[in-house]
$ cat query.cif   # mmCIF, C-alpha atoms
data_query
#
loop_
_atom_site.label_atom_id
_atom_site.label_comp_id
_atom_site.auth_asym_id
_atom_site.auth_seq_id
_atom_site.Cartn_x
_atom_site.Cartn_y
_atom_site.Cartn_z
CA MET N 13 89.49 -34.87 19.48
CA VAL N 14 91.61 -31.79 18.90
CA LEU N 15 94.28 -31.94 16.20
CA LEU N 16 96.82 -29.21 16.94
CA THR N 17 98.73 -28.12 13.85
CA GLU N 18 101.95 -26.17 13.65
CA GLY N 19 104.46 -25.03 11.07
CA GLU N 20 103.85 -24.83 7.36
CA ILE N 21 100.88 -26.44 5.63
CA ASP N 22 102.01 -26.56 2.03
CA LEU N 23 102.06 -28.92 -0.94
CA ALA N 24 104.46 -31.27 0.88
CA THR N 25 102.67 -31.40 4.24
CA ALA N 26 98.99 -30.99 3.31
CA PRO N 27 98.55 -34.66 2.27
CA LEU N 28 99.86 -35.73 5.68
CA LEU N 29 97.49 -33.35 7.41
CA GLU N 30 94.62 -34.62 5.28
CA ARG N 31 95.36 -38.24 6.20
CA ALA N 32 95.51 -37.34 9.89
CA LEU N 33 92.23 -35.41 9.68
CA LEU N 34 90.46 -38.21 7.80
CA ALA N 35 91.65 -40.80 10.32
CA ALA N 36 90.43 -38.58 13.16
CA VAL N 37 87.05 -38.00 11.51
CA GLU N 38 86.55 -41.71 10.96
CA GLY N 39 87.43 -42.55 14.55
CA HIS N 40 85.73 -39.79 16.55
CA SER N 41 82.34 -38.12 16.74
CA ARG N 42 83.86 -34.63 17.12
CA VAL N 43 87.11 -33.39 15.56
CA CYS N 44 88.58 -29.92 15.84
CA CYS N 45 91.57 -28.78 13.79
CA ASP N 46 93.40 -26.14 15.85
CA LEU N 47 95.48 -23.91 13.57
CA THR N 48 97.22 -21.95 16.34
CA GLY N 49 100.77 -22.82 15.34
CA VAL N 50 100.42 -22.60 11.57
CA THR N 51 102.93 -20.17 10.06
CA PHE N 52 102.13 -20.75 6.37
CA PHE N 53 98.93 -22.05 4.82
CA SER N 54 98.54 -22.85 1.11
CA ALA N 55 95.67 -23.87 -1.14
CA ALA N 56 96.68 -27.48 -0.50
CA GLY N 57 95.80 -26.88 3.16
CA LEU N 58 92.37 -25.61 2.11
CA THR N 59 91.84 -28.81 0.16
CA ALA N 60 92.76 -30.89 3.22
CA LEU N 61 90.24 -29.02 5.40
CA VAL N 62 87.44 -29.25 2.82
CA THR N 63 88.08 -32.97 2.28
CA ALA N 64 87.92 -33.58 6.04
CA HIS N 65 84.76 -31.46 6.29
CA ARG N 66 83.07 -33.50 3.55
CA ARG N 67 84.09 -36.84 5.07
CA ALA N 68 82.85 -35.66 8.46
CA ALA N 69 79.48 -34.75 6.94
CA ASP N 70 79.28 -38.22 5.35
CA THR N 71 80.11 -40.02 8.60
CA GLY N 72 78.10 -37.85 10.99
CA CYS N 73 81.20 -36.42 12.69
CA HIS N 74 81.17 -32.79 13.83
CA PHE N 75 84.23 -31.13 12.25
CA SER N 76 85.40 -27.66 13.21
CA VAL N 77 88.41 -25.39 12.82
CA ARG N 78 89.67 -22.95 15.42
CA ARG N 79 92.32 -20.34 16.08
CA ALA N 80 93.30 -19.50 12.52
CA ARG N 81 95.59 -16.49 12.70
CA GLY N 82 97.53 -14.22 10.38
CA ILE N 83 97.92 -15.52 6.86
CA THR N 84 95.91 -18.64 7.65
CA GLN N 85 92.92 -16.59 8.77
CA ARG N 86 93.24 -14.35 5.73
CA ILE N 87 93.36 -17.29 3.31
CA LEU N 88 90.30 -18.91 4.92
CA HIS N 89 88.44 -15.60 4.69
CA LEU N 90 89.46 -14.72 1.11
CA SER N 91 88.72 -18.21 -0.20
CA GLY N 92 85.25 -18.23 1.32
CA ILE N 93 86.03 -21.58 2.93
CA GLY N 94 85.86 -20.02 6.38
CA GLY N 95 82.09 -19.70 5.93
CA LEU N 96 81.80 -23.39 5.05
CA LEU N 97 83.73 -24.63 8.07
CA ASP N 98 82.48 -24.43 11.63
CA THR N 99 84.84 -21.96 13.28
CA THR N 100 83.06 -21.77 16.61
CA PRO N 101 85.32 -22.58 19.54
CA CYS N 102 85.66 -26.29 20.16
CA ALA N 103 86.76 -28.03 23.33
CA PRO N 104 89.52 -26.11 25.09
CA LEU N 105 93.06 -27.40 25.06
CA LEU N 106 93.88 -29.49 28.05
CA PRO N 107 96.39 -27.86 30.36
CA ARG N 108 99.70 -29.60 29.67
CA PRO N 109 98.72 -33.18 28.94
CA THR N 110 101.53 -35.57 29.70
CA ARG N 111 101.36 -37.37 26.40
CA GLY N 112 100.19 -36.54 22.90
CA LEU N 113 100.68 -37.95 19.46
CA ARG N 114 103.10 -35.91 17.43
CA ARG N 115 103.78 -36.29 13.77
CA ARG N 116 106.86 -34.70 12.30
CA LEU N 117 108.28 -34.62 8.85
CA ALA N 118 111.56 -36.45 8.77
CA ASP N 119 113.21 -37.30 5.49
CA GLY N 120 109.92 -36.66 3.69
CA ARG N 121 107.96 -39.14 5.83
CA ALA N 122 105.67 -38.60 8.76
CA ARG N 123 106.45 -40.48 11.93
CA GLU N 124 104.63 -40.70 15.19
CA GLN N 125 106.25 -40.25 18.53
CA PRO N 126 104.89 -39.60 22.00
CA MET N 127 106.11 -36.40 23.54
CA PRO N 128 105.01 -33.89 26.16
CA GLN N 129 102.82 -30.92 25.24
CA GLU N 130 105.50 -28.45 26.33
CA ASP N 131 107.77 -29.58 23.50
CA LEU N 132 105.33 -28.46 20.81
CA GLY N 133 106.90 -25.03 20.33
CA GLY N 134 109.36 -24.56 17.53
CA SER N 135 109.43 -23.99 13.85
CA ASP N 136 109.36 -27.58 12.63
CA ARG N 137 106.31 -28.86 10.77
CA GLY N 138 103.89 -31.15 12.49
CA TRP N 139 100.69 -31.63 14.39
CA THR N 140 99.58 -33.16 17.61
CA ALA N 141 96.44 -35.01 18.49
CA LEU N 142 95.34 -34.24 22.03
#

$ encode --input "query.cif" --output "structure tokens"
Amino acid sequence: MVLLTEGEIDLATAPLLERALLAAVEGHSRVCCDLTGVTFFSAAGLTALVTAHRRAADTGCHFSVRRARGITQRILHLSGIGGLLDTTPCAPLLPRPTRGLRRRLADGRAREQPMPQEDLGGSDRGWTAL
């Protein structure tokens, strides 16, 4: 399973990301967190990734992170967490799947809604499970 993240991962959104990652780890044998669309990444995001990594190790799930860029890549590198996480490429993104699971922040709550892959661009916060 690939969890595609986008927008800001900060104190408000990191707990939502962590819950999504933990649910994915508990339900799949391989989980990859794709950070392609992340525009801001805080220490709370690091905590979410480390928590998911630890749970994956406990459950026998292979957890990896890919495509960290810009500030996200720098934070992973400077924190030393990048060495802990598997950053080898995971399964490639599917070309334009017709449906995905998208979570958006709305009024401080996450909600799920099916939507096409093409609609994932934009500056709102969220992630998609493909």

$ atom_distance --input "query.cif" --atom1 "atom CA of N:Ala68" --atom2 "atom CA of N:Asp46"
16.0 Å

$ atom_distance --input "query.cif" --atom1 "atom CA of N:Cys73" --atom2 "atom CA of N:Glu18"
23.2 Å

$ resolve_selection --input "query.cif" --expression "the PyMOL selection byres ((chain N and resi 80) around 9)" --output "mmCIF file with C-alpha atoms, keeping the file's coordinate frame"
data_model
loop_
_atom_site.group_PDB
_atom_site.id
_atom_site.type_symbol
_atom_site.label_atom_id
_atom_site.label_comp_id
_atom_site.auth_asym_id
_atom_site.auth_seq_id
_atom_site.Cartn_x
_atom_site.Cartn_y
_atom_site.Cartn_z
ATOM 1 C CA ASP N 46 93.400 -26.140 15.850
ATOM 2 C CA LEU N 47 95.480 -23.910 13.570
ATOM 3 C CA THR N 48 97.220 -21.950 16.340
ATOM 4 C CA GLY N 49 100.770 -22.820 15.340
ATOM 5 C CA VAL N 50 100.420 -22.600 11.570
ATOM 6 C CA VAL N 77 88.410 -25.390 12.820
ATOM 7 C CA ARG N 78 89.670 -22.950 15.420
ATOM 8 C CA ARG N 79 92.320 -20.340 16.080
ATOM 9 C CA ARG N 81 95.590 -16.490 12.700
ATOM 10 C CA GLY N 82 97.530 -14.220 10.380
ATOM 11 C CA ILE N 83 97.920 -15.520 6.860
ATOM 12 C CA THR N 84 95.910 -18.640 7.650
ATOM 13 C CA GLN N 85 92.920 -16.590 8.770
ATOM 14 C CA ARG N 86 93.240 -14.350 5.730
ATOM 15 C CA LEU N 88 90.300 -18.910 4.920
ATOM 16 C CA THR N 99 84.840 -21.960 13.280
#

$ closest_residue --input "query.cif" --among "N:Ser41, N:Thr59, N:Thr71, N:Ser76" --to "N:Leu15" --atoms "only C-alpha atoms"
N:Ser76

$ resolve_selection --input "query.cif" --expression "the PyMOL selection byres ((chain N and resi 40) around 10)" --output "list in words"
Met13, Ala35, Ala36, Val37, Glu38, Gly39, Ser41, Arg42, Val43, Ala68, Thr71, Gly72, Cys73, His74 and Phe75 of chain N

$ write_last_selection --input "query.cif" --atoms "C-alpha atoms" --output "PDB file, keeping the file's coordinate frame"
ATOM      1  CA  MET N  13      89.490 -34.870  19.480  1.00  0.00           C
ATOM      2  CA  ALA N  35      91.650 -40.800  10.320  1.00  0.00           C
ATOM      3  CA  ALA N  36      90.430 -38.580  13.160  1.00  0.00           C
ATOM      4  CA  VAL N  37      87.050 -38.000  11.510  1.00  0.00           C
ATOM      5  CA  GLU N  38      86.550 -41.710  10.960  1.00  0.00           C
ATOM      6  CA  GLY N  39      87.430 -42.550  14.550  1.00  0.00           C
ATOM      7  CA  SER N  41      82.340 -38.120  16.740  1.00  0.00           C
ATOM      8  CA  ARG N  42      83.860 -34.630  17.120  1.00  0.00           C
ATOM      9  CA  VAL N  43      87.110 -33.390  15.560  1.00  0.00           C
ATOM     10  CA  ALA N  68      82.850 -35.660   8.460  1.00  0.00           C
ATOM     11  CA  THR N  71      80.110 -40.020   8.600  1.00  0.00           C
ATOM     12  CA  GLY N  72      78.100 -37.850  10.990  1.00  0.00           C
ATOM     13  CA  CYS N  73      81.200 -36.420  12.690  1.00  0.00           C
ATOM     14  CA  HIS N  74      81.170 -32.790  13.830  1.00  0.00           C
ATOM     15  CA  PHE N  75      84.230 -31.130  12.250  1.00  0.00           C
TER      16      PHE N  75
END

$ atom_distance --input "query.cif" --atom1 "atom CA of N:Leu29" --atom2 "atom CA of N:Leu97"
16.3 Å

$ closest_residue --input "query.cif" --among "N:Ala56, N:Val62, N:Leu33, N:Thr17" --to "N:Asp98" --atoms "only C-alpha atoms"
N:Val62

$ resolve_selection --input "query.cif" --expression "the PyMOL selection byres ((chain N and resi 53) around 9)" --output "PyMOL selection string"
chain N and resi 19-22+50-52+54-58+83-84+87

$ decode --input "query.cif" --residues "stretch 39-52 of chain N" --atoms "all heavy atoms" --output "mmCIF file, in the first residue's frame"
data_model
loop_
_atom_site.group_PDB
_atom_site.id
_atom_site.type_symbol
_atom_site.label_atom_id
_atom_site.label_comp_id
_atom_site.auth_asym_id
_atom_site.auth_seq_id
_atom_site.Cartn_x
_atom_site.Cartn_y
_atom_site.Cartn_z
ATOM 1 N N GLY N 39 -2.938 -3.309 8.553
ATOM 2 C CA GLY N 39 -3.759 -4.005 7.577
ATOM 3 C C GLY N 39 -3.036 -4.490 6.333
ATOM 4 O O GLY N 39 -3.655 -5.125 5.478
ATOM 5 N N HIS N 40 -1.745 -4.203 6.214
ATOM 6 C CA HIS N 40 -1.005 -4.569 5.005
ATOM 7 C C HIS N 40 0.384 -5.101 5.363
ATOM 8 O O HIS N 40 0.941 -4.737 6.389
ATOM 9 C CB HIS N 40 -0.857 -3.364 4.083
ATOM 10 C CG HIS N 40 -2.169 -2.858 3.582
ATOM 11 N ND1 HIS N 40 -2.930 -1.974 4.305
ATOM 12 C CD2 HIS N 40 -2.851 -3.126 2.450
ATOM 13 C CE1 HIS N 40 -4.031 -1.697 3.626
ATOM 14 N NE2 HIS N 40 -4.025 -2.393 2.508
ATOM 15 N N SER N 41 0.939 -5.890 4.495
ATOM 16 C CA SER N 41 2.282 -6.441 4.745
ATOM 17 C C SER N 41 3.382 -5.481 4.288
ATOM 18 O O SER N 41 4.517 -5.591 4.731
ATOM 19 C CB SER N 41 2.446 -7.785 4.037
ATOM 20 O OG SER N 41 2.297 -7.621 2.640
ATOM 21 N N ARG N 42 3.052 -4.554 3.398
ATOM 22 C CA ARG N 42 4.013 -3.551 2.926
ATOM 23 C C ARG N 42 3.307 -2.206 2.867
ATOM 24 O O ARG N 42 2.248 -2.084 2.268
ATOM 25 C CB ARG N 42 4.543 -3.897 1.543
ATOM 26 C CG ARG N 42 5.348 -5.190 1.493
ATOM 27 C CD ARG N 42 5.859 -5.490 0.090
ATOM 28 N NE ARG N 42 6.789 -4.497 -0.395
ATOM 29 C CZ ARG N 42 8.096 -4.468 -0.118
ATOM 30 N NH1 ARG N 42 8.616 -5.391 0.645
ATOM 31 N NH2 ARG N 42 8.876 -3.542 -0.616
ATOM 32 N N VAL N 43 3.922 -1.187 3.468
ATOM 33 C CA VAL N 43 3.364 0.165 3.451
ATOM 34 C C VAL N 43 4.480 1.126 3.086
ATOM 35 O O VAL N 43 5.580 1.060 3.626
ATOM 36 C CB VAL N 43 2.765 0.548 4.826
ATOM 37 C CG1 VAL N 43 2.333 2.008 4.843
ATOM 38 C CG2 VAL N 43 1.605 -0.368 5.171
ATOM 39 N N CYS N 44 4.175 2.009 2.157
ATOM 40 C CA CYS N 44 5.129 3.034 1.746
ATOM 41 C C CYS N 44 4.477 4.401 1.918
ATOM 42 O O CYS N 44 3.380 4.637 1.421
ATOM 43 C CB CYS N 44 5.522 2.827 0.288
ATOM 44 S SG CYS N 44 6.686 4.072 -0.310
ATOM 45 N N CYS N 45 5.132 5.289 2.625
ATOM 46 C CA CYS N 45 4.659 6.660 2.796
ATOM 47 C C CYS N 45 5.385 7.520 1.760
ATOM 48 O O CYS N 45 6.587 7.738 1.854
ATOM 49 C CB CYS N 45 4.940 7.148 4.210
ATOM 50 S SG CYS N 45 4.300 8.802 4.525
ATOM 51 N N ASP N 46 4.651 7.985 0.768
ATOM 52 C CA ASP N 46 5.205 8.806 -0.310
ATOM 53 C C ASP N 46 5.048 10.277 0.073
ATOM 54 O O ASP N 46 3.939 10.766 0.246
ATOM 55 C CB ASP N 46 4.463 8.512 -1.612
ATOM 56 C CG ASP N 46 5.072 9.206 -2.806
ATOM 57 O OD1 ASP N 46 5.398 10.405 -2.697
ATOM 58 O OD2 ASP N 46 5.208 8.554 -3.854
ATOM 59 N N LEU N 47 6.158 10.970 0.224
ATOM 60 C CA LEU N 47 6.163 12.354 0.698
ATOM 61 C C LEU N 47 6.274 13.377 -0.435
ATOM 62 O O LEU N 47 6.618 14.529 -0.204
ATOM 63 C CB LEU N 47 7.317 12.544 1.694
ATOM 64 C CG LEU N 47 7.264 11.645 2.929
ATOM 65 C CD1 LEU N 47 8.545 11.790 3.746
ATOM 66 C CD2 LEU N 47 6.048 11.940 3.776
ATOM 67 N N THR N 48 5.959 12.978 -1.643
ATOM 68 C CA THR N 48 6.101 13.841 -2.812
ATOM 69 C C THR N 48 5.474 15.211 -2.635
ATOM 70 O O THR N 48 6.077 16.222 -2.948
ATOM 71 C CB THR N 48 5.475 13.162 -4.055
ATOM 72 O OG1 THR N 48 6.134 11.928 -4.265
ATOM 73 C CG2 THR N 48 5.609 14.018 -5.287
ATOM 74 N N GLY N 49 4.245 15.259 -2.161
ATOM 75 C CA GLY N 49 3.511 16.519 -2.113
ATOM 76 C C GLY N 49 3.620 17.292 -0.821
ATOM 77 O O GLY N 49 2.898 18.267 -0.611
ATOM 78 N N VAL N 50 4.521 16.903 0.063
ATOM 79 C CA VAL N 50 4.648 17.584 1.351
ATOM 80 C C VAL N 50 5.390 18.907 1.171
ATOM 81 O O VAL N 50 6.484 18.950 0.627
ATOM 82 C CB VAL N 50 5.361 16.681 2.385
ATOM 83 C CG1 VAL N 50 5.626 17.427 3.670
ATOM 84 C CG2 VAL N 50 4.534 15.439 2.645
ATOM 85 N N THR N 51 4.766 19.992 1.637
ATOM 86 C CA THR N 51 5.353 21.323 1.507
ATOM 87 C C THR N 51 5.950 21.833 2.811
ATOM 88 O O THR N 51 6.732 22.779 2.800
ATOM 89 C CB THR N 51 4.286 22.322 1.024
ATOM 90 O OG1 THR N 51 3.195 22.316 1.950
ATOM 91 C CG2 THR N 51 3.795 21.962 -0.368
ATOM 92 N N PHE N 52 5.574 21.237 3.928
ATOM 93 C CA PHE N 52 6.119 21.591 5.239
ATOM 94 C C PHE N 52 6.121 20.331 6.077
ATOM 95 O O PHE N 52 5.161 19.561 6.050
ATOM 96 C CB PHE N 52 5.268 22.672 5.920
ATOM 97 C CG PHE N 52 5.756 23.022 7.301
ATOM 98 C CD1 PHE N 52 6.828 23.877 7.472
ATOM 99 C CD2 PHE N 52 5.159 22.475 8.426
ATOM 100 C CE1 PHE N 52 7.295 24.197 8.750
ATOM 101 C CE2 PHE N 52 5.616 22.778 9.697
ATOM 102 C CZ PHE N 52 6.683 23.645 9.860
#
